[in-house]
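**Q** Mind having a look at this structure? Questions to follow.
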Amino acid sequence: QVQLVESGGGLVQAGGSLRLSCAASGTRFSIYAMGWYRQAPGKQRDVVARIPAGGSTFYADSVKGRFTISRDNAKNTMYLQMNSLKPEDTAVYYCSLTVGLMVYWGKGTLVTVSS
């Protein structure tokens, strides 16, 4: 059974940094694509960044140059380094793992950026 657990969220001032982690279990982590998504209050869930098992990463335009997605396959963990945070980055951040047509989700971690 695939389980994803996010951590690292919190309250930070604008311009600050946070690093989110997503620990995966129950699957061969290294061979699947993973991603970070976020959902602000009253809005839909949108992609933030994706990282395949191999190949190029993808970033939403709104976070390019500020966020960096990475993965440590030895630790079954994915990261999102978030720098130069803005109030509009406030959201619940979710990690995902894609196995074929199935997408697994964590429960999310809240990031709040104060102005």
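Labels used: A, B, ... for chains in the order of the structure tokens, numbers from 1 for residues in each chain, and numbers from 1 for ligands as shown.
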Please provide the set of residues having any atom within 8 Å of A:Ser30, restricted to only C-alpha atoms, with same-chain residues fewer than 5 positions apart removed, written as an NGL selection string.
**A** :A and (53 or 73 or 76)
**Q** Neighbouring residues of A:Gln81 were defined as those with any atom within 9 Å, considering only C-alpha atoms; residues of the same chain fewer than 5 positions away were excluded. Please report them as a PyMOL selection string.
**A** chain A and resi 17-21+66-70
**Q** List every residue of stretch 5-56 of chain A that has an atom at most 12 Å from any atom of stretch 90-95 of chain A, and for each one report the closest atom pair and its distance in Å to one decimal, counting only C-alpha atoms, with rows sorted by chain and then by increasing residue number, as JSON lines.
**A**
{"residue": "A:Val5", "atom": "CA", "partner": "A:Cys95", "partner_atom": "CA", "distance": 7.9}
{"residue": "A:Glu6", "atom": "CA", "partner": "A:Cys95", "partner_atom": "CA", "distance": 6.8}
{"residue": "A:Ser7", "atom": "CA", "partner": "A:Tyr93", "partner_atom": "CA", "distance": 9.5}
{"residue": "A:Gly8", "atom": "CA", "partner": "A:Tyr93", "partner_atom": "CA", "distance": 10.0}
{"residue": "A:Gly9", "atom": "CA", "partner": "A:Tyr93", "partner_atom": "CA", "distance": 8.1}
{"residue": "A:Gly10", "atom": "CA", "partner": "A:Thr90", "partner_atom": "CA", "distance": 9.8}
{"residue": "A:Leu11", "atom": "CA", "partner": "A:Thr90", "partner_atom": "CA", "distance": 9.2}
{"residue": "A:Val12", "atom": "CA", "partner": "A:Thr90", "partner_atom": "CA", "distance": 9.7}
{"residue": "A:Gln13", "atom": "CA", "partner": "A:Thr90", "partner_atom": "CA", "distance": 10.7}
{"residue": "A:Ala14", "atom": "CA", "partner": "A:Thr90", "partner_atom": "CA", "distance": 10.1}
{"residue": "A:Leu18", "atom": "CA", "partner": "A:Thr90", "partner_atom": "CA", "distance": 11.8}
{"residue": "A:Arg19", "atom": "CA", "partner": "A:Tyr93", "partner_atom": "CA", "distance": 11.4}
{"residue": "A:Leu20", "atom": "CA", "partner": "A:Tyr93", "partner_atom": "CA", "distance": 8.6}
{"residue": "A:Ser21", "atom": "CA", "partner": "A:Cys95", "partner_atom": "CA", "distance": 8.7}
{"residue": "A:Cys22", "atom": "CA", "partner": "A:Cys95", "partner_atom": "CA", "distance": 6.3}
{"residue": "A:Ala23", "atom": "CA", "partner": "A:Cys95", "partner_atom": "CA", "distance": 9.2}
{"residue": "A:Ala24", "atom": "CA", "partner": "A:Cys95", "partner_atom": "CA", "distance": 9.5}
{"residue": "A:Ala33", "atom": "CA", "partner": "A:Cys95", "partner_atom": "CA", "distance": 10.9}
{"residue": "A:Met34", "atom": "CA", "partner": "A:Cys95", "partner_atom": "CA", "distance": 7.2}
{"residue": "A:Gly35", "atom": "CA", "partner": "A:Cys95", "partner_atom": "CA", "distance": 5.6}
{"residue": "A:Trp36", "atom": "CA", "partner": "A:Cys95", "partner_atom": "CA", "distance": 4.5}
{"residue": "A:Tyr37", "atom": "CA", "partner": "A:Tyr94", "partner_atom": "CA", "distance": 5.1}
{"residue": "A:Arg38", "atom": "CA", "partner": "A:Tyr93", "partner_atom": "CA", "distance": 4.3}
{"residue": "A:Gln39", "atom": "CA", "partner": "A:Ala91", "partner_atom": "CA", "distance": 5.2}
{"residue": "A:Ala40", "atom": "CA", "partner": "A:Ala91", "partner_atom": "CA", "distance": 4.2}
{"residue": "A:Pro41", "atom": "CA", "partner": "A:Ala91", "partner_atom": "CA", "distance": 7.0}
{"residue": "A:Gly42", "atom": "CA", "partner": "A:Ala91", "partner_atom": "CA", "distance": 10.2}
{"residue": "A:Lys43", "atom": "CA", "partner": "A:Ala91", "partner_atom": "CA", "distance": 9.5}
{"residue": "A:Gln44", "atom": "CA", "partner": "A:Ala91", "partner_atom": "CA", "distance": 10.6}
{"residue": "A:Arg45", "atom": "CA", "partner": "A:Tyr94", "partner_atom": "CA", "distance": 8.9}
{"residue": "A:Asp46", "atom": "CA", "partner": "A:Tyr93", "partner_atom": "CA", "distance": 9.6}
{"residue": "A:Val47", "atom": "CA", "partner": "A:Tyr94", "partner_atom": "CA", "distance": 9.3}
{"residue": "A:Val48", "atom": "CA", "partner": "A:Tyr93", "partner_atom": "CA", "distance": 8.8}
{"residue": "A:Ala49", "atom": "CA", "partner": "A:Cys95", "partner_atom": "CA", "distance": 9.7}
{"residue": "A:Arg50", "atom": "CA", "partner": "A:Cys95", "partner_atom": "CA", "distance": 9.5}
{"residue": "A:Ile51", "atom": "CA", "partner": "A:Cys95", "partner_atom": "CA", "distance": 11.0}
**Q** Closest to A:Ile31 among A:Gly65, A:Gly108, A:Gly54, A:Pro87, using only C-alpha atoms?
**A**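 Among the listed residues, the smallest separation from A:Ile31 belongs to A:Gly54.
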**Q** Point out the residue among A:Ser56, A:Asp89, A:Leu97, A:Ser62 with the least atom-to-atom distance to A:Thr77, counting only C-alpha atoms.
**A**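 For A:Thr77, the nearest of the given residues is A:Leu97.
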**Q** Could you write out, as a list in words, all the residues of stretch 24-100 of chain A that DSSP marks as helix (DSSP H, G or I)?
**A** Phe29, Ser30, Ile31, Asn73, Ala74, Lys75, Pro87, Glu88 and Asp89 of chain A
**Q** Let's have the selection written as an mmCIF file, in the first residue's frame, with N, CA and C atoms.
**A**
data_model
loop_
_atom_site.group_PDB
_atom_site.id
_atom_site.type_symbol
_atom_site.label_atom_id
_atom_site.label_comp_id
_atom_site.auth_asym_id
_atom_site.auth_seq_id
_atom_site.Cartn_x
_atom_site.Cartn_y
_atom_site.Cartn_z
ATOM 1 N N PHE A 29 9.899 3.396 -5.104
ATOM 2 C CA PHE A 29 9.911 4.849 -5.237
ATOM 3 C C PHE A 29 10.686 5.318 -6.455
ATOM 4 N N SER A 30 11.836 4.728 -6.693
ATOM 5 C CA SER A 30 12.779 5.290 -7.659
ATOM 6 C C SER A 30 12.295 5.230 -9.104
ATOM 7 N N ILE A 31 11.301 4.386 -9.409
ATOM 8 C CA ILE A 31 10.939 4.208 -10.809
ATOM 9 C C ILE A 31 9.705 4.998 -11.215
ATOM 10 N N ASN A 73 16.414 8.927 -3.940
ATOM 11 C CA ASN A 73 15.843 7.594 -4.079
ATOM 12 C C ASN A 73 16.317 6.645 -2.978
ATOM 13 N N ALA A 74 17.492 6.883 -2.447
ATOM 14 C CA ALA A 74 17.995 6.028 -1.368
ATOM 15 C C ALA A 74 17.157 6.197 -0.100
ATOM 16 N N LYS A 75 16.573 7.380 0.060
ATOM 17 C CA LYS A 75 15.766 7.666 1.248
ATOM 18 C C LYS A 75 14.271 7.628 0.965
ATOM 19 N N PRO A 87 3.254 35.904 -0.382
ATOM 20 C CA PRO A 87 1.956 35.589 0.223
ATOM 21 C C PRO A 87 1.083 34.719 -0.680
ATOM 22 N N GLU A 88 1.198 34.896 -1.978
ATOM 23 C CA GLU A 88 0.388 34.080 -2.897
ATOM 24 C C GLU A 88 0.828 32.629 -2.970
ATOM 25 N N ASP A 89 1.926 32.284 -2.319
ATOM 26 C CA ASP A 89 2.330 30.883 -2.224
ATOM 27 C C ASP A 89 1.601 30.157 -1.091
#
**Q** Counting only C-alpha atoms, figure out which residue out of A:Val111, A:Leu80, A:Phe58, A:Tyr104 gets nearest to A:Gln1.
**A**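 Among the listed residues, A:Tyr104 lies closest to A:Gln1.
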**Q** Using Å and a single decimal, report how far atom CA of A:Tyr79 sits from atom CA of A:Lys107.
**A**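 That distance, rounded to one decimal, is 15.5 Å.
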**Q** Write out as a ChimeraX atom specification the set of residues from stretch 18-75 of chain A that DSSP, computed on the backbone, places in strand (DSSP E).
**A** /A:18-25,33-39,45-51,58-59,67-72
**Q** Would you export the selected residues with N, CA and C atoms as a CSV table (one decimal), in the first residue's frame, please?
**A**
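Result saved to selection31.csv:
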chain,number,residue,atom,x,y,z
A,18,LEU,N,11.4,27.8,3.0
A,18,LEU,CA,11.0,26.5,3.6
A,18,LEU,C,11.4,25.4,2.7
A,19,ARG,N,11.6,24.2,3.4
A,19,ARG,CA,11.8,23.0,2.6
A,19,ARG,C,10.8,21.9,3.0
A,20,LEU,N,10.0,21.5,2.0
A,20,LEU,CA,9.1,20.5,2.2
A,20,LEU,C,9.7,19.1,1.9
A,21,SER,N,9.2,18.1,2.6
A,21,SER,CA,9.7,16.7,2.4
A,21,SER,C,8.4,15.9,2.2
A,22,CYS,N,8.6,14.8,1.4
A,22,CYS,CA,7.6,13.8,1.1
A,22,CYS,C,8.2,12.5,1.2
A,23,ALA,N,7.9,11.7,2.3
A,23,ALA,CA,8.4,10.4,2.5
A,23,ALA,C,7.4,9.4,1.9
A,24,ALA,N,7.9,8.5,1.1
A,24,ALA,CA,7.1,7.5,0.4
A,24,ALA,C,7.4,6.1,1.0
A,25,SER,N,6.4,5.3,1.0
A,25,SER,CA,6.6,3.9,1.4
A,25,SER,C,5.6,3.0,0.6
A,33,ALA,N,7.3,8.7,-11.3
A,33,ALA,CA,7.2,10.1,-11.3
A,33,ALA,C,6.5,10.6,-10.1
A,34,MET,N,7.0,11.7,-9.6
A,34,MET,CA,6.4,12.4,-8.4
A,34,MET,C,6.2,13.8,-8.7
A,35,GLY,N,5.5,14.5,-7.8
A,35,GLY,CA,5.2,15.9,-8.0
A,35,GLY,C,4.7,16.6,-6.7
A,36,TRP,N,4.8,17.9,-6.8
A,36,TRP,CA,4.2,18.7,-5.7
A,36,TRP,C,3.0,19.5,-6.3
A,37,TYR,N,1.9,19.6,-5.6
A,37,TYR,CA,0.8,20.3,-6.0
A,37,TYR,C,0.4,21.2,-4.8
A,38,ARG,N,-0.4,22.3,-5.1
A,38,ARG,CA,-0.9,23.1,-4.0
A,38,ARG,C,-2.3,23.5,-4.3
A,39,GLN,N,-3.0,23.8,-3.2
A,39,GLN,CA,-4.4,24.2,-3.2
A,39,GLN,C,-4.6,25.3,-2.2
A,45,ARG,N,-6.7,22.6,-7.1
A,45,ARG,CA,-5.4,22.1,-6.9
A,45,ARG,C,-4.6,22.2,-8.2
A,46,ASP,N,-3.4,22.8,-8.1
A,46,ASP,CA,-2.6,23.1,-9.3
A,46,ASP,C,-1.2,22.5,-9.1
A,47,VAL,N,-0.6,22.1,-10.2
A,47,VAL,CA,0.8,21.6,-10.1
A,47,VAL,C,1.7,22.7,-9.8
A,48,VAL,N,2.7,22.4,-9.0
A,48,VAL,CA,3.8,23.3,-8.6
A,48,VAL,C,5.1,22.8,-9.3
A,49,ALA,N,5.4,21.5,-9.2
A,49,ALA,CA,6.6,21.0,-9.9
A,49,ALA,C,6.4,19.5,-10.0
A,50,ARG,N,7.1,18.9,-11.0
A,50,ARG,CA,7.1,17.5,-11.2
A,50,ARG,C,8.5,17.0,-11.4
A,51,ILE,N,8.8,15.8,-11.0
A,51,ILE,CA,10.1,15.2,-11.2
A,51,ILE,C,9.9,13.8,-11.6
A,58,PHE,N,9.8,19.7,-14.2
A,58,PHE,CA,8.8,20.7,-14.7
A,58,PHE,C,8.5,21.6,-13.5
A,59,TYR,N,8.3,22.9,-13.8
A,59,TYR,CA,7.9,23.9,-12.8
A,59,TYR,C,6.8,24.8,-13.4
A,67,PHE,N,11.6,27.9,-6.6
A,67,PHE,CA,11.4,26.6,-6.0
A,67,PHE,C,12.3,25.6,-6.8
A,68,THR,N,12.8,24.6,-6.0
A,68,THR,CA,13.5,23.5,-6.6
A,68,THR,C,13.0,22.2,-6.1
A,69,ILE,N,12.7,21.3,-7.0
A,69,ILE,CA,12.2,20.0,-6.7
A,69,ILE,C,13.4,19.0,-6.8
A,70,SER,N,13.4,18.0,-5.9
A,70,SER,CA,14.5,17.0,-6.0
A,70,SER,C,14.0,15.8,-5.3
A,71,ARG,N,14.8,14.7,-5.5
A,71,ARG,CA,14.4,13.4,-4.9
A,71,ARG,C,15.7,12.7,-4.5
A,72,ASP,N,15.5,12.0,-3.4
A,72,ASP,CA,16.6,11.1,-2.9
A,72,ASP,C,16.1,9.7,-2.9
**Q** Could you tell me how far atom CA of A:Lys86 sits from atom CA of A:Thr57, in Å to one decimal place?
**A**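 Interatomic distance, atom CA of A:Thr57 to atom CA of A:Lys86: 22.0 Å.
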**Q** By how many Å are atom CA of A:Ser84 and atom CA of A:Lys64 apart?
**A**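 About the pair atom CA of A:Ser84 and atom CA of A:Lys64: they are 11.0 Å apart.
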**Q** Measuring atom to atom with only C-alpha atoms, identify which of A:Gly26, A:Met102, A:Gly15, A:Gln3 is nearest to A:Leu85.
**A**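 Comparing A:Gly26, A:Met102, A:Gly15, A:Gln3 against A:Leu85, the winner is A:Gly15.
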